[in-house]
$ cat data-v2.pdb   # PDB, C-alpha atoms
MODEL        1
ATOM      1  CA  MET A   1     -10.188 -65.140 -50.993
ATOM      2  CA  ALA A   2     -11.838 -65.569 -47.609
ATOM      3  CA  GLY A   3      -8.655 -67.292 -46.364
ATOM      4  CA  TRP A   4      -6.469 -64.415 -47.501
ATOM      5  CA  ALA A   5      -8.838 -61.925 -45.924
ATOM      6  CA  GLY A   6      -8.815 -63.833 -42.648
ATOM      7  CA  LYS A   7      -5.031 -64.026 -42.678
ATOM      8  CA  GLY A   8      -4.783 -60.271 -43.346
ATOM      9  CA  GLU A   9      -7.176 -59.520 -40.526
ATOM     10  CA  GLY A  10      -5.136 -61.716 -38.170
ATOM     11  CA  GLN A  11      -1.891 -59.940 -39.032
ATOM     12  CA  GLY A  12      -3.597 -56.606 -38.631
ATOM     13  CA  ARG A  13      -4.860 -57.576 -35.181
ATOM     14  CA  ARG A  14      -1.364 -58.744 -34.134
ATOM     15  CA  LYS A  15       0.214 -55.491 -35.331
ATOM     16  CA  GLY A  16      -2.472 -53.526 -33.612
ATOM     17  CA  SER A  17      -1.883 -55.485 -30.415
ATOM     18  CA  ILE A  18       1.884 -54.822 -30.549
ATOM     19  CA  CYS A  19       1.302 -51.105 -31.163
ATOM     20  CA  LYS A  20      -1.166 -50.963 -28.301
ATOM     21  CA  MET A  21       1.322 -52.649 -25.925
ATOM     22  CA  ALA A  22       4.063 -50.239 -27.064
ATOM     23  CA  GLU A  23       1.798 -47.260 -26.452
ATOM     24  CA  GLU A  24       0.864 -48.535 -22.975
ATOM     25  CA  ALA A  25       4.518 -49.064 -22.016
ATOM     26  CA  GLU A  26       5.744 -45.895 -23.690
ATOM     27  CA  GLY A  27       4.815 -43.531 -20.868
ATOM     28  CA  PRO A  28       6.721 -44.947 -17.839
ATOM     29  CA  LEU A  29       9.381 -46.731 -19.906
ATOM     30  CA  LYS A  30      10.160 -43.647 -21.944
ATOM     31  CA  GLN A  31      10.392 -41.505 -18.821
ATOM     32  CA  LEU A  32      12.817 -44.039 -17.342
ATOM     33  CA  LEU A  33      15.118 -44.323 -20.363
ATOM     34  CA  VAL A  34      14.935 -40.870 -22.013
ATOM     35  CA  PRO A  35      17.227 -38.974 -21.700
ATOM     36  CA  PHE A  36      19.234 -40.824 -19.016
ATOM     37  CA  LEU A  37      20.187 -43.839 -21.167
ATOM     38  CA  LEU A  38      18.841 -43.063 -24.628
ATOM     39  CA  PRO A  39      18.014 -40.029 -26.763
ATOM     40  CA  GLU A  40      14.410 -40.035 -28.008
ATOM     41  CA  LYS A  41      15.385 -40.984 -31.567
ATOM     42  CA  CYS A  42      17.096 -44.156 -30.293
ATOM     43  CA  TYR A  43      14.144 -44.973 -28.047
ATOM     44  CA  ASP A  44      11.904 -44.829 -31.141
ATOM     45  CA  ARG A  45      14.273 -47.045 -33.119
ATOM     46  CA  PHE A  46      14.399 -49.692 -30.385
ATOM     47  CA  PHE A  47      10.820 -49.730 -29.090
ATOM     48  CA  VAL A  48       8.733 -48.320 -31.944
ATOM     49  CA  ASN A  49      10.566 -49.497 -35.063
ATOM     50  CA  LEU A  50      11.955 -52.595 -33.238
ATOM     51  CA  ASP A  51      15.381 -51.934 -34.793
ATOM     52  CA  LEU A  52      17.267 -53.576 -31.921
ATOM     53  CA  LEU A  53      20.578 -53.878 -33.795
ATOM     54  CA  ASN A  54      21.010 -50.221 -34.681
ATOM     55  CA  VAL A  55      24.777 -49.770 -34.145
ATOM     56  CA  PRO A  56      24.922 -45.990 -33.381
ATOM     57  CA  CYS A  57      22.139 -46.326 -30.796
ATOM     58  CA  LEU A  58      23.717 -49.440 -29.280
ATOM     59  CA  LYS A  59      26.968 -47.487 -28.837
ATOM     60  CA  ILE A  60      25.076 -44.725 -27.053
ATOM     61  CA  LEU A  61      23.296 -47.242 -24.805
ATOM     62  CA  ILE A  62      26.529 -49.055 -23.906
ATOM     63  CA  SER A  63      28.360 -45.783 -23.287
ATOM     64  CA  LYS A  64      25.593 -44.351 -21.093
ATOM     65  CA  GLY A  65      25.271 -47.609 -19.177
ATOM     66  CA  LEU A  66      29.027 -47.841 -18.611
ATOM     67  CA  GLY A  67      29.216 -44.186 -17.629
ATOM     68  CA  LEU A  68      26.440 -44.425 -15.052
ATOM     69  CA  GLY A  69      27.915 -47.702 -13.770
ATOM     70  CA  ILE A  70      31.312 -46.040 -13.293
ATOM     71  CA  VAL A  71      29.713 -43.078 -11.512
ATOM     72  CA  ALA A  72      27.772 -45.413  -9.191
ATOM     73  CA  GLY A  73      30.853 -47.566  -8.550
ATOM     74  CA  SER A  74      32.982 -44.513  -7.795
ATOM     75  CA  LEU A  75      30.975 -44.005  -4.593
ATOM     76  CA  LEU A  76      32.811 -47.027  -3.172
ATOM     77  CA  VAL A  77      36.111 -47.144  -5.104
ATOM     78  CA  LYS A  78      38.357 -45.475  -2.514
ATOM     79  CA  LEU A  79      36.412 -46.360   0.617
ATOM     80  CA  PRO A  80      38.441 -49.596   1.045
ATOM     81  CA  GLN A  81      41.578 -47.416   1.069
ATOM     82  CA  VAL A  82      40.040 -44.995   3.577
ATOM     83  CA  PHE A  83      38.920 -47.817   5.874
ATOM     84  CA  LYS A  84      42.284 -49.568   5.592
ATOM     85  CA  ILE A  85      44.176 -46.436   6.675
ATOM     86  CA  MET A  86      41.782 -45.851   9.570
ATOM     87  CA  GLY A  87      41.846 -49.515  10.562
ATOM     88  CA  VAL A  88      45.630 -49.777  10.863
ATOM     89  CA  LYS A  89      45.972 -46.114  11.937
ATOM     90  CA  SER A  90      48.820 -45.748   9.478
ATOM     91  CA  ALA A  91      49.417 -44.315   6.013
ATOM     92  CA  GLU A  92      52.589 -46.338   5.468
ATOM     93  CA  GLY A  93      53.315 -46.950   1.797
ATOM     94  CA  LEU A  94      51.204 -44.048   0.535
ATOM     95  CA  SER A  95      52.973 -41.096  -1.061
ATOM     96  CA  PHE A  96      51.226 -37.859  -0.010
ATOM     97  CA  HIS A  97      52.538 -36.050  -3.083
ATOM     98  CA  ALA A  98      51.167 -38.818  -5.318
ATOM     99  CA  VAL A  99      47.715 -38.530  -3.710
ATOM    100  CA  LEU A 100      47.894 -34.732  -3.992
ATOM    101  CA  LEU A 101      48.696 -34.894  -7.712
ATOM    102  CA  GLU A 102      45.790 -37.279  -8.219
ATOM    103  CA  LEU A 103      43.556 -34.728  -6.474
ATOM    104  CA  VAL A 104      44.814 -32.025  -8.857
ATOM    105  CA  ALA A 105      43.962 -34.226 -11.859
ATOM    106  CA  LEU A 106      40.458 -34.999 -10.561
ATOM    107  CA  THR A 107      39.824 -31.325  -9.844
ATOM    108  CA  GLY A 108      40.888 -30.394 -13.363
ATOM    109  CA  THR A 109      38.475 -32.954 -14.842
ATOM    110  CA  ILE A 110      35.582 -31.605 -12.741
ATOM    111  CA  ILE A 111      36.221 -27.953 -13.642
ATOM    112  CA  TYR A 112      36.729 -28.719 -17.343
ATOM    113  CA  SER A 113      33.607 -30.896 -17.585
ATOM    114  CA  VAL A 114      31.345 -28.433 -15.751
ATOM    115  CA  THR A 115      32.609 -25.522 -17.853
ATOM    116  CA  ASN A 116      31.971 -27.431 -21.101
ATOM    117  CA  SER A 117      28.567 -28.745 -19.923
ATOM    118  CA  PHE A 118      29.507 -32.386 -20.506
ATOM    119  CA  PRO A 119      26.893 -34.998 -19.451
ATOM    120  CA  PHE A 120      27.267 -35.997 -15.782
ATOM    121  CA  SER A 121      27.550 -39.647 -16.833
ATOM    122  CA  SER A 122      30.829 -38.793 -18.619
ATOM    123  CA  TRP A 123      32.627 -37.301 -15.595
ATOM    124  CA  GLY A 124      30.530 -37.782 -12.432
ATOM    125  CA  GLU A 125      32.895 -40.282 -10.864
ATOM    126  CA  ALA A 126      35.564 -37.547 -10.680
ATOM    127  CA  LEU A 127      33.387 -35.705  -8.149
ATOM    128  CA  PHE A 128      33.006 -38.707  -5.838
ATOM    129  CA  LEU A 129      36.647 -39.746  -6.262
ATOM    130  CA  MET A 130      37.685 -36.189  -5.407
ATOM    131  CA  LEU A 131      35.769 -36.327  -2.108
ATOM    132  CA  GLN A 132      37.394 -39.648  -1.212
ATOM    133  CA  THR A 133      40.853 -38.524  -2.347
ATOM    134  CA  ILE A 134      40.790 -35.371  -0.249
ATOM    135  CA  THR A 135      39.765 -37.540   2.722
ATOM    136  CA  ILE A 136      42.836 -39.717   2.111
ATOM    137  CA  CYS A 137      45.022 -36.580   1.910
ATOM    138  CA  PHE A 138      43.766 -35.504   5.332
ATOM    139  CA  LEU A 139      44.231 -38.994   6.830
ATOM    140  CA  VAL A 140      47.812 -39.211   5.539
ATOM    141  CA  LEU A 141      48.656 -35.906   7.225
ATOM    142  CA  HIS A 142      46.704 -36.818  10.380
ATOM    143  CA  TYR A 143      48.438 -40.163  10.928
ATOM    144  CA  ARG A 144      51.816 -38.566  10.319
ATOM    145  CA  GLY A 145      51.197 -36.136  13.158
ATOM    146  CA  HIS A 146      50.130 -33.075  11.122
ATOM    147  CA  THR A 147      46.411 -32.834  11.924
ATOM    148  CA  MET A 148      46.237 -29.019  11.911
ATOM    149  CA  ARG A 149      48.097 -28.922   8.621
ATOM    150  CA  GLY A 150      45.472 -31.305   7.278
ATOM    151  CA  VAL A 151      42.600 -29.057   8.429
ATOM    152  CA  THR A 152      44.280 -26.033   6.824
ATOM    153  CA  PHE A 153      44.756 -28.011   3.631
ATOM    154  CA  LEU A 154      41.028 -28.857   3.493
ATOM    155  CA  GLY A 155      40.078 -25.180   3.916
ATOM    156  CA  ILE A 156      42.453 -23.978   1.196
ATOM    157  CA  TYR A 157      41.255 -26.666  -1.208
ATOM    158  CA  VAL A 158      37.557 -25.798  -0.772
ATOM    159  CA  LEU A 159      38.255 -22.081  -1.385
ATOM    160  CA  THR A 160      40.349 -22.887  -4.469
ATOM    161  CA  LEU A 161      37.608 -25.131  -5.869
ATOM    162  CA  LEU A 162      34.966 -22.414  -5.424
ATOM    163  CA  VAL A 163      37.147 -19.864  -7.216
ATOM    164  CA  LEU A 164      37.833 -22.236 -10.136
ATOM    165  CA  LEU A 165      34.106 -22.958 -10.535
ATOM    166  CA  SER A 166      33.219 -19.265 -10.572
ATOM    167  CA  PRO A 167      32.606 -17.380 -13.836
ATOM    168  CA  LEU A 168      35.655 -15.236 -13.049
ATOM    169  CA  ILE A 169      37.999 -17.904 -14.436
ATOM    170  CA  PRO A 170      38.451 -17.638 -18.241
ATOM    171  CA  LYS A 171      37.803 -20.771 -20.316
ATOM    172  CA  VAL A 172      41.389 -20.741 -21.610
ATOM    173  CA  MET A 173      42.663 -21.217 -18.075
ATOM    174  CA  VAL A 174      40.203 -24.078 -17.511
ATOM    175  CA  THR A 175      41.467 -25.826 -20.664
ATOM    176  CA  LEU A 176      45.049 -25.292 -19.480
ATOM    177  CA  LEU A 177      44.132 -26.845 -16.130
ATOM    178  CA  GLN A 178      42.756 -29.929 -17.905
ATOM    179  CA  ALA A 179      45.918 -30.123 -20.017
ATOM    180  CA  THR A 180      47.980 -30.353 -16.815
ATOM    181  CA  ASN A 181      46.076 -33.533 -15.890
ATOM    182  CA  MET A 182      48.351 -35.764 -17.917
ATOM    183  CA  PRO A 183      51.629 -34.653 -16.306
ATOM    184  CA  ALA A 184      49.877 -34.646 -12.902
ATOM    185  CA  VAL A 185      48.646 -38.228 -13.375
ATOM    186  CA  ILE A 186      52.013 -39.414 -14.704
ATOM    187  CA  MET A 187      54.015 -37.754 -11.923
ATOM    188  CA  GLY A 188      51.586 -38.908  -9.231
ATOM    189  CA  ARG A 189      51.667 -42.542 -10.302
ATOM    190  CA  LEU A 190      55.435 -42.490 -10.836
ATOM    191  CA  LEU A 191      55.926 -41.106  -7.318
ATOM    192  CA  GLN A 192      53.757 -43.918  -5.920
ATOM    193  CA  ALA A 193      55.593 -46.498  -8.037
ATOM    194  CA  ILE A 194      58.978 -45.188  -6.837
ATOM    195  CA  THR A 195      57.761 -45.291  -3.217
ATOM    196  CA  ASN A 196      56.673 -48.908  -3.685
ATOM    197  CA  PHE A 197      60.005 -49.810  -5.295
ATOM    198  CA  ARG A 198      62.076 -48.167  -2.554
ATOM    199  CA  ASN A 199      60.039 -49.795   0.206
ATOM    200  CA  GLY A 200      60.034 -53.181  -1.488
ATOM    201  CA  HIS A 201      56.290 -53.469  -0.794
ATOM    202  CA  THR A 202      53.053 -51.603  -1.488
ATOM    203  CA  GLY A 203      52.355 -50.745   2.151
ATOM    204  CA  HIS A 204      48.704 -50.176   2.998
ATOM    205  CA  LEU A 205      47.577 -49.592  -0.571
ATOM    206  CA  SER A 206      44.143 -51.180  -1.068
ATOM    207  CA  ALA A 207      44.135 -53.770  -3.856
ATOM    208  CA  VAL A 208      40.375 -53.285  -4.357
ATOM    209  CA  THR A 209      40.829 -49.548  -4.883
ATOM    210  CA  VAL A 210      43.785 -49.924  -7.255
ATOM    211  CA  PHE A 211      42.118 -52.508  -9.500
ATOM    212  CA  LEU A 212      38.797 -50.637  -9.587
ATOM    213  CA  LEU A 213      40.602 -47.437 -10.611
ATOM    214  CA  PHE A 214      42.401 -49.344 -13.367
ATOM    215  CA  ALA A 215      39.163 -50.877 -14.694
ATOM    216  CA  GLY A 216      37.322 -47.558 -14.464
ATOM    217  CA  SER A 217      39.966 -45.620 -16.383
ATOM    218  CA  LEU A 218      39.936 -48.257 -19.155
ATOM    219  CA  ALA A 219      36.141 -48.002 -19.505
ATOM    220  CA  ARG A 220      36.338 -44.199 -19.496
ATOM    221  CA  ILE A 221      38.392 -44.228 -22.723
ATOM    222  CA  PHE A 222      35.329 -45.510 -24.606
ATOM    223  CA  THR A 223      32.745 -43.366 -22.823
ATOM    224  CA  SER A 224      34.736 -40.139 -23.177
ATOM    225  CA  ILE A 225      35.090 -40.673 -26.934
ATOM    226  CA  GLN A 226      31.420 -41.583 -27.306
ATOM    227  CA  GLU A 227      29.839 -38.954 -25.041
ATOM    228  CA  THR A 228      32.121 -35.926 -25.226
ATOM    229  CA  GLY A 229      34.080 -36.361 -28.458
ATOM    230  CA  ASP A 230      36.826 -34.435 -26.695
ATOM    231  CA  PRO A 231      40.314 -35.767 -27.627
ATOM    232  CA  LEU A 232      41.895 -34.151 -24.555
ATOM    233  CA  MET A 233      39.596 -36.140 -22.241
ATOM    234  CA  ALA A 234      40.226 -39.377 -24.167
ATOM    235  CA  VAL A 235      44.032 -39.023 -24.099
ATOM    236  CA  THR A 236      43.895 -38.186 -20.375
ATOM    237  CA  PHE A 237      42.101 -41.483 -19.651
ATOM    238  CA  ILE A 238      44.491 -43.449 -21.882
ATOM    239  CA  VAL A 239      47.443 -42.073 -19.900
ATOM    240  CA  SER A 240      45.589 -42.689 -16.635
ATOM    241  CA  SER A 241      44.948 -46.335 -17.604
ATOM    242  CA  ILE A 242      48.637 -46.940 -18.332
ATOM    243  CA  CYS A 243      49.681 -45.372 -15.014
ATOM    244  CA  ASN A 244      47.013 -47.209 -12.995
ATOM    245  CA  GLY A 245      48.093 -50.411 -14.720
ATOM    246  CA  LEU A 246      51.657 -49.854 -13.447
ATOM    247  CA  ILE A 247      50.491 -49.652  -9.820
ATOM    248  CA  ALA A 248      48.236 -52.691 -10.314
ATOM    249  CA  PHE A 249      51.246 -54.629 -11.641
ATOM    250  CA  GLN A 250      53.311 -53.656  -8.593
ATOM    251  CA  LEU A 251      50.534 -54.804  -6.273
ATOM    252  CA  LEU A 252      50.599 -58.222  -7.907
ATOM    253  CA  TYR A 253      54.408 -58.317  -7.901
ATOM    254  CA  TYR A 254      54.680 -57.463  -4.186
ATOM    255  CA  TRP A 255      51.538 -59.424  -3.229
ATOM    256  CA  ASN A 256      53.223 -61.791  -0.763
ATOM    257  CA  VAL A 257      55.695 -59.259   0.679
ATOM    258  CA  LYS A 258      54.859 -58.343   4.278
ATOM    259  CA  ILE A 259      55.341 -54.839   5.657
ATOM    260  CA  PRO A 260      58.376 -54.815   7.986
ATOM    261  CA  HIS A 261      57.372 -54.425  11.630
ATOM    262  CA  LYS A 262      59.670 -51.429  12.094
ATOM    263  CA  TRP A 263      57.667 -49.419   9.552
ATOM    264  CA  LYS A 264      54.409 -50.054  11.371
ATOM    265  CA  LYS A 265      55.950 -49.108  14.657
ATOM    266  CA  LYS A 266      57.352 -45.910  13.263
ATOM    267  CA  ASP A 267      53.972 -44.691  11.973
ATOM    268  CA  GLN A 268      52.112 -45.551  15.152
TER
ENDMDL
END
$ encode --input "data-v2.pdb" --output "structure tokens"
Amino acid sequence: MAGWAGKGEGQGRRKGSICKMAEEAEGPLKQLLVPFLLPEKCYDRFFVNLDLLNVPCLKILISKGLGLGIVAGSLLVKLPQVFKIMGVKSAEGLSFHAVLLELVALTGTIIYSVTNSFPFSSWGEALFLMLQTITICFLVLHYRGHTMRGVTFLGIYVLTLLVLLSPLIPKVMVTLLQATNMPAVIMGRLLQAITNFRNGHTGHLSAVTVFLLFAGSLARIFTSIQETGDPLMAVTFIVSSICNGLIAFQLLYYWNVKIPHKWKKKDQ
């Protein structure tokens, strides 16, 4: 009897020790994880109930982690393209209309997500990609000798964005804008693909940027389903992945093709 009592006391002490450690860690750890990576109920399942294999909560954790990773990575996705254009002082191989259509699609995603109060982790990269894309739009115009047109373009875009974010725009119009993302993405990527095919090379397209966009759009299919439950967002990213995959394939296909010297000379 004494042995059983001693064993029970030992187990009780161990449980008490675990609970005490959990309580001590709960404050800072909980503040770090809730609500950025986990809802409170999932935090309790993982760290209080020690149910580490809870499938619904694991899906939320993976989705949040992927989403925040994509948002963080988007800060650098198009910078290689920006630096490449500035380095060679040429936008050869880039279709301005394709970049413009991509900007339209990103803008639609931002407006739609803000209006519907989606979590920032589900769409935040669109904001940073938009800033980099509009920079590329300006650089394309600048290096083709249309600097003032580029400045005017920036001004018009900023005013348009402010109007679309204002409460004056009805929600139906915002949904319609998001619905135009798919044709905008398809047309934009097809224009770039046609430009690559006609040139017989991919010009100064950045391989790093293209492959990161492809990987990001694939990951977004899962996170958009998990975090927003919005079928329109999910289908948009599926279409975007297919189109980005086409450009990635062309980059690999034309990998060893050099840009003809006459093209470089013409742009400079």
$ residues_near_point --input "data-v2.pdb" --point "(54.8, -44.8, -11.3)" --cutoff "10 Å" --atoms "all atoms listed in the file" --output "list in words"
Ala98, Val185, Ile186, Met187, Gly188, Arg189, Leu190, Leu191, Gln192, Ala193, Ile194, Thr195, Asn196, Phe197, Ile242, Cys243, Asn244, Gly245, Leu246, Ile247 and Gln250 of chain A
$ residues_around --input "data-v2.pdb" --residues "Ile238 (chain A)" --least-positions-apart "2" --cutoff "8 Å" --atoms "only C-alpha atoms" --output "PyMOL selection string"
chain A and resi 217-218+221+234-236+240-242
$ resolve_selection --input "data-v2.pdb" --expression "the PyMOL selection byres ((chain A and resi 96) around 10)" --output "MDAnalysis selection string"
chainID A and resid 91 93:95 97:102 136:141 188 191:192
$ closest_residue --input "data-v2.pdb" --among "A:Met148, A:Val163, A:Val208, A:Leu37" --to "Lys64 (chain A)" --atoms "all atoms listed in the file"
A:Leu37
$ atom_distance --input "data-v2.pdb" --atom1 "CA of Tyr253 (chain A)" --atom2 "CA of Val82 (chain A)"
22.7 Å
$ resolve_selection --input "data-v2.pdb" --expression "the PyMOL selection byres ((chain A and resi 170-178) around 8)" --output "number ranges by chain"
A: 105, 108-109, 111-112, 115, 164, 167-169, 179-181, 232
$ resolve_selection --input "data-v2.pdb" --expression "the PyMOL selection byres ((chain A and resi 90) around 12)" --output "VMD selection string"
chain A and resid 81 to 89 91 to 94 136 139 to 145 203 to 205 259 263 to 268
$ residues_around --input "data-v2.pdb" --residues "Arg45 (chain A)" --least-positions-apart "6" --cutoff "8 Å" --atoms "all atoms listed in the file" --output "JSON, numbers by chain"
{"A": [51, 52, 54]}
$ axis_aligned_box --input "data-v2.pdb" --around "region 72-77 of chain A" --padding-each-side "8 Å" --output "lines of an AutoDock Vina configuration file"
center_x = 31.9
center_y = -45.8
center_z = -6.2
size_x = 24.3
size_y = 19.6
size_z = 22.0
